[in-house]
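Student: I have a structure here, written as structure tokens, and I will follow up with some questions on it.
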Amino acid sequence: MIRDIVIVLHPVTACVPVNHKVTLSVRAEGSGILYYQWFTDHEEVRGGTQPDLTINAQSTQLYVCRVHDSFCNCVFSDWVKVKVLDIDKSGLPLDWEGEPHIAVNPKPQSVQPGAKCTLRCVAFGNPAPQYQWYRNGQPLQDKTSDILQIDCATAEHGGSYLCSVSNRLEEIWTKPVDVDIVQNDQLPHAEPTASDKVALLIGNMNYSHHPGLMAPIMDVHELANLLQQLGFRVVSLLDLTREEMLAAIEKFLQLLDRGVYGLFYYAGHGYERAGRNYLVPIDAPQPYRPENCVCVQRVMLNMQQKRTALSVILLDTCRKWYNQHCIPSVIKPLGTSGNTVYGYATCEDAEAFEVQDGGKSTGIFTKYLNKHILQPEKVTHILEMVSEDLGRDPLVTGKQAVEIKHTMKEPRSLTDPVSTTGHTRELHLRDFCWRQANDLPQKKRLMFLCRVEVEVSFSALFSNVLVAFATVKTTGPQTQDCTVTLSSVPVLEDTFSGPGRSEEMDTLLFQTSDKPDCTLRLCGLQKLKESLVIKVDLHYTHTESKLRLTESQKVDIGKPMVASCKLYRRNHTATSYKQEGASAQTMGKTSSSKPLLHQKLPGAYHPCTRKAECAAKVAVTRSNEPEENDENEL
């Protein structure tokens with residue numbers, strides 16, 4: 001006798017985070033062999049021919065299962081929804097089995113009479129959770145969704161609210177929150193938050209045609225550490241050419257979005273012309289023109305166009321007027337966007353100085369900036385404290401004074417918390433891009449034929465400067481006097497091996513690392529176009545033959561850190577700006593013909609200027625065309 005097909009277990013609706021695995025199940029009884037086919041609301045599920053369907057949930061979707069037999073009988077299960085929430089799931093247990101888990105708790109509200117009030121509770125669950133709202137301990141009739149909305153608040157709506165969240169596995173409760181019905185003058189101000197915090201720090205030191213600097217290495221390193229303590233995703237880069245600076249800024253702008261706090265910091269040579277500030281790359285020729293440099297105002301304009309919640313540019317560079325006789329171009333206004341801040345190390349037509357302070361080099365502006373930046377104060381107040389401290393420094397009295405320009409309309413601080421609610425998809429993309437520029441290669445253990453084991457590990461103080469360490473962990477039975485040397489293919493020059501610089505770099509490295517047997521500094525990773533291979537040479541004396549022998553192994557670490565961002569692949573369809581006399585090897589050491597500003601001078605505290613001196617004026621052809629042509633940059 002042929003029986004009708006009866007579904008005895010229907011699939012159930014679920015509410016899960018993105019990329020969570022969900023299994024939908026159906027059970028049926030009938031005559032003979034039963035066949036199954038799962039469908040979404042618009043297509044057949046490929047491979048969905050079993051009673052259990054496991055999916056990797058990407059977006060909210062409806063599902064149904066058709067069950068049929070060999071006698072042309074068929075029946076459909078109930079439609080079910082797999083609801084996918086793109087919100088923070090950090091608190092979800094790794095062994096989660098579907099019990100309700102509250103991802104978003106309701107928040108206290110202070111509303112005016114007659115205003116709309118909304119309380120929201122969001123929970124994961126499999127089966128999907130059910131909601132019941134309570135006020136002052138009493139259930140609210142028909143308030144059984146994840147959102148409780150009061151369209152016109154009155155005094156009776158005030159009180160303590162909470163929500164019960166349950167499925168067949170468990171029942172849990174939100175924390176109670178208060179809804180206060182208040183008048184205008186009683187409303188509290190909402191605390192500002194950021195959807196994320198992103199910072200790009202650039203320090204230029206080893207100039208091909210201008211005096212070298214000492215301080216940017218310490219300034220960028222210390223500021224990067226402090227910003228990381230404030231929750232910023234930091235990319236820090238040293239010694240960039242113009243093309244590399246523009247490419248790095250493009251990557252930085254891609255990380256900005258609505259609600260993000262963006263901070264751009266530069267330490268190095270610079271100048272001001274016609275109300276605009278220009279940053280001098282390490283390959284800028286002598287003499288240079290605006291098209292050989294990077295326009296700061298153009299960077300700010302692009303930051304504003306991303307609709308950031310806060311845009312900060314901090315410049316530890318000179319602002320001496322350059323080539324005042326040339327015809328300036330028209331300066332377009334930056335628009336009416338608020339919450340933008342410029343912090344200048346010095347005022348117009350003045351120089352910024354770096355000093356030897358307690359055995360290390362530092363820019364005076366950055367020295368006082370680092371002193372105050374962790375304080376929970378409005379950004380402009382922090383810069384005012386920096387200005388006051390710098391004004392009391394006798395070394396720069398009458399020579400350097402901080403200037404602050406801003407359009408702040410909210411009391412935003414660099415210490416403001418990050419709230420990712422509603423921004424998690426953008427946060428995941430931003431996190432991937434940021435990690436790409438900062439992830440270190442994994443440490444490796446190498447076993448040589450002579451049974452000596454060497455560990456190769458990596459550290460970085462900047463996103464484009466990698467340090468490889470080699471340490472002999474165990475020696476072989478017939479080896480003695482083991483030493484290790486490291487080299488790379490391709491060869492990356494150590495630009496910090498000059499007088500004074502190597503010591504400062506080593507001081508930073510070995511503050512947190514044990515002293516290894518060998519180190520190798522790899523600078524200028526942004527120039528890397530192929531995989532980086534570390535060659536490890538082990539030298540030892542054989543105990544029997546007394547011969548000095550060498551064994552070698554290679555470690556391929558791919559394109560580490562900022563090398564993976566391929567900054568060299570910036571669009572080059574625009575006009576080439578290479579000038580006669582510009583350096584082709586932009587990361588080379590400082591020429592011996594340059595003033596030796598990077599050498600330590602007697603005394604513990606000596607100021608040096610950060611102005612890039614321009615050569616004697618050269619004859620130029622005057623015309624009515626503006627000399628500047630950076631209007632379409634970035």
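Identifiers for the structure tokens are assigned positionally: chains receive A, B, ... in sequence, residues are indexed from 1 per chain, and ligands are indexed from 1 in the order shown.
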Among the residues of stretch 307-544 of chain A, find those DSSP assigns to alpha helix (DSSP H) from the backbone and print them as a PyMOL selection string.
Tutor: chain A and resi 364-372+379-391+424-436+501-509
Student: I need the chosen residues saved as a compact mmCIF listing (two decimals), in the first residue's frame, with N, CA and C atoms.
Tutor:
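Generated output (result-v9.txt):
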# COMPACT_ATOMS: atom_id res chain seq x y z
N ILE A 364 61.17 69.00 18.00
CA ILE A 364 60.66 69.65 19.21
C ILE A 364 59.14 69.58 19.27
N PHE A 365 58.47 69.80 18.13
CA PHE A 365 57.01 69.72 18.08
C PHE A 365 56.54 68.32 18.48
N THR A 366 57.13 67.29 17.89
CA THR A 366 56.70 65.92 18.16
C THR A 366 57.03 65.51 19.59
N LYS A 367 58.11 66.05 20.14
CA LYS A 367 58.47 65.76 21.53
C LYS A 367 57.32 66.14 22.47
N TYR A 368 56.78 67.34 22.29
CA TYR A 368 55.70 67.79 23.18
C TYR A 368 54.35 67.17 22.76
N LEU A 369 54.18 66.85 21.48
CA LEU A 369 52.97 66.16 21.04
C LEU A 369 52.86 64.80 21.72
N ASN A 370 53.95 64.05 21.73
CA ASN A 370 53.94 62.74 22.37
C ASN A 370 53.69 62.83 23.87
N LYS A 371 54.08 63.93 24.46
CA LYS A 371 53.89 64.12 25.91
C LYS A 371 52.41 64.20 26.27
N HIS A 372 51.59 64.79 25.38
CA HIS A 372 50.19 65.08 25.73
C HIS A 372 49.17 64.23 24.99
N VAL A 379 40.98 67.38 20.54
CA VAL A 379 42.21 67.43 19.75
C VAL A 379 42.85 68.82 19.79
N THR A 380 42.04 69.84 19.62
CA THR A 380 42.59 71.20 19.61
C THR A 380 43.17 71.58 20.96
N HIS A 381 42.60 71.06 22.05
CA HIS A 381 43.15 71.34 23.38
C HIS A 381 44.52 70.69 23.55
N ILE A 382 44.67 69.47 22.99
CA ILE A 382 45.98 68.80 23.03
C ILE A 382 47.02 69.67 22.32
N LEU A 383 46.67 70.17 21.15
CA LEU A 383 47.62 70.99 20.39
C LEU A 383 47.91 72.31 21.09
N GLU A 384 46.93 72.84 21.80
CA GLU A 384 47.18 74.06 22.58
C GLU A 384 48.20 73.80 23.69
N MET A 385 48.10 72.62 24.34
CA MET A 385 49.09 72.29 25.38
C MET A 385 50.48 72.11 24.77
N VAL A 386 50.53 71.52 23.57
CA VAL A 386 51.81 71.39 22.86
C VAL A 386 52.38 72.77 22.56
N SER A 387 51.52 73.67 22.11
CA SER A 387 51.96 75.02 21.78
C SER A 387 52.52 75.74 23.00
N GLU A 388 51.84 75.57 24.14
CA GLU A 388 52.30 76.25 25.36
C GLU A 388 53.65 75.70 25.83
N ASP A 389 53.83 74.37 25.77
CA ASP A 389 55.11 73.79 26.18
C ASP A 389 56.23 74.23 25.25
N LEU A 390 55.96 74.20 23.94
CA LEU A 390 56.99 74.60 22.98
C LEU A 390 57.34 76.08 23.15
N GLY A 391 56.33 76.90 23.49
CA GLY A 391 56.58 78.32 23.69
C GLY A 391 57.48 78.61 24.87
N THR A 424 30.40 46.83 10.53
CA THR A 424 31.31 45.69 10.62
C THR A 424 31.81 45.21 9.27
N ARG A 425 30.99 45.32 8.21
CA ARG A 425 31.48 44.88 6.90
C ARG A 425 32.65 45.74 6.46
N GLU A 426 32.50 47.08 6.58
CA GLU A 426 33.61 47.97 6.24
C GLU A 426 34.80 47.71 7.16
N LEU A 427 34.52 47.38 8.44
CA LEU A 427 35.59 47.12 9.39
C LEU A 427 36.40 45.90 8.99
N HIS A 428 35.74 44.85 8.50
CA HIS A 428 36.45 43.65 8.06
C HIS A 428 37.37 43.96 6.89
N LEU A 429 36.88 44.74 5.92
CA LEU A 429 37.70 45.10 4.76
C LEU A 429 38.88 45.95 5.19
N ARG A 430 38.63 46.90 6.10
CA ARG A 430 39.69 47.78 6.58
C ARG A 430 40.73 46.97 7.36
N ASP A 431 40.25 46.02 8.15
CA ASP A 431 41.16 45.20 8.94
C ASP A 431 42.06 44.37 8.03
N PHE A 432 41.51 43.84 6.94
CA PHE A 432 42.31 43.05 6.00
C PHE A 432 43.40 43.91 5.37
N CYS A 433 43.01 45.11 4.89
CA CYS A 433 43.99 45.98 4.24
C CYS A 433 45.08 46.42 5.21
N TRP A 434 44.70 46.71 6.44
CA TRP A 434 45.67 47.17 7.43
C TRP A 434 46.64 46.04 7.80
N ARG A 435 46.10 44.84 8.04
CA ARG A 435 46.95 43.71 8.39
C ARG A 435 47.92 43.37 7.27
N GLN A 436 47.46 43.58 6.04
CA GLN A 436 48.32 43.31 4.89
C GLN A 436 49.62 44.09 4.99
N ARG A 501 72.67 56.81 13.45
CA ARG A 501 71.38 56.21 13.16
C ARG A 501 71.33 54.75 13.55
N SER A 502 72.39 54.00 13.28
CA SER A 502 72.39 52.58 13.59
C SER A 502 72.20 52.35 15.09
N GLU A 503 72.84 53.20 15.90
CA GLU A 503 72.73 53.04 17.35
C GLU A 503 71.30 53.26 17.81
N GLU A 504 70.65 54.28 17.26
CA GLU A 504 69.28 54.55 17.66
C GLU A 504 68.35 53.42 17.25
N MET A 505 68.52 52.90 16.03
CA MET A 505 67.70 51.79 15.58
C MET A 505 67.92 50.57 16.46
N ASP A 506 69.19 50.24 16.77
CA ASP A 506 69.49 49.08 17.61
C ASP A 506 68.90 49.25 19.00
N THR A 507 68.92 50.47 19.52
CA THR A 507 68.34 50.73 20.84
C THR A 507 66.85 50.39 20.84
N LEU A 508 66.15 50.77 19.77
CA LEU A 508 64.72 50.45 19.68
C LEU A 508 64.50 48.95 19.57
N LEU A 509 65.30 48.28 18.76
CA LEU A 509 65.10 46.85 18.52
C LEU A 509 65.31 46.03 19.77
Student: Can you pull out every residue within 12 Å of A:Thr317, counting only C-alpha atoms, but drop anything in the same chain fewer than 5 positions away, and send it as a ChimeraX atom specification?
Tutor: /A:202-205,213,215-216,265-272,277-280,296,343-354,363-366,400-403,608-612
Student: Quick one: residues within 12 Å of A:Ser545, only C-alpha atoms counted, chain neighbours fewer than 3 positions away excluded, as a list in words?
Tutor: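 Near neighbours after the sequence-gap exclusion: Gln478, Thr479, Gln480, Tyr540, Thr541, His542, Arg548 and Leu549 of chain A.
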Student: Would you mind exporting C-alpha atoms of the selected residues as a PDB file, in the first residue's frame?
Tutor:
ATOM      1  CA  GLN A 478      80.721  17.615  16.163  1.00  0.00           C
ATOM      2  CA  THR A 479      80.459  21.410  15.949  1.00  0.00           C
ATOM      3  CA  GLN A 480      81.975  24.260  17.899  1.00  0.00           C
ATOM      4  CA  TYR A 540      81.290  26.272  12.427  1.00  0.00           C
ATOM      5  CA  THR A 541      84.467  24.353  13.263  1.00  0.00           C
ATOM      6  CA  HIS A 542      84.361  20.568  12.917  1.00  0.00           C
ATOM      7  CA  ARG A 548      86.061  25.751   9.336  1.00  0.00           C
ATOM      8  CA  LEU A 549      82.938  24.784   7.389  1.00  0.00           C
TER       9      LEU A 549
END
Student: So how far away is atom CA of A:Ser413 from atom CA of A:Glu191, in Å?
Tutor: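 Between these atoms lies a distance of 10.4 Å.
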Student: Which residue is closest to A:Val67? Choose from A:Asp481, A:Val80, A:Gln37, A:Asp88 and count only C-alpha atoms.
Tutor: A:Gln37
Student: Considering only C-alpha atoms, can you say which of A:Pro51, A:Pro129, A:Gly338, A:Pro17 comes closest to A:Glu29?
Tutor: A:Pro51
Student: Near A:His20, counting only C-alpha atoms, which residues have an atom at most 10 Å away, once you skip same-chain residues fewer than 3 positions from it, shown as a list in words?
Tutor: Cys15, Val16, Pro17, Ile55, Asn56, Ala57, Gln58 and Val84 of chain A
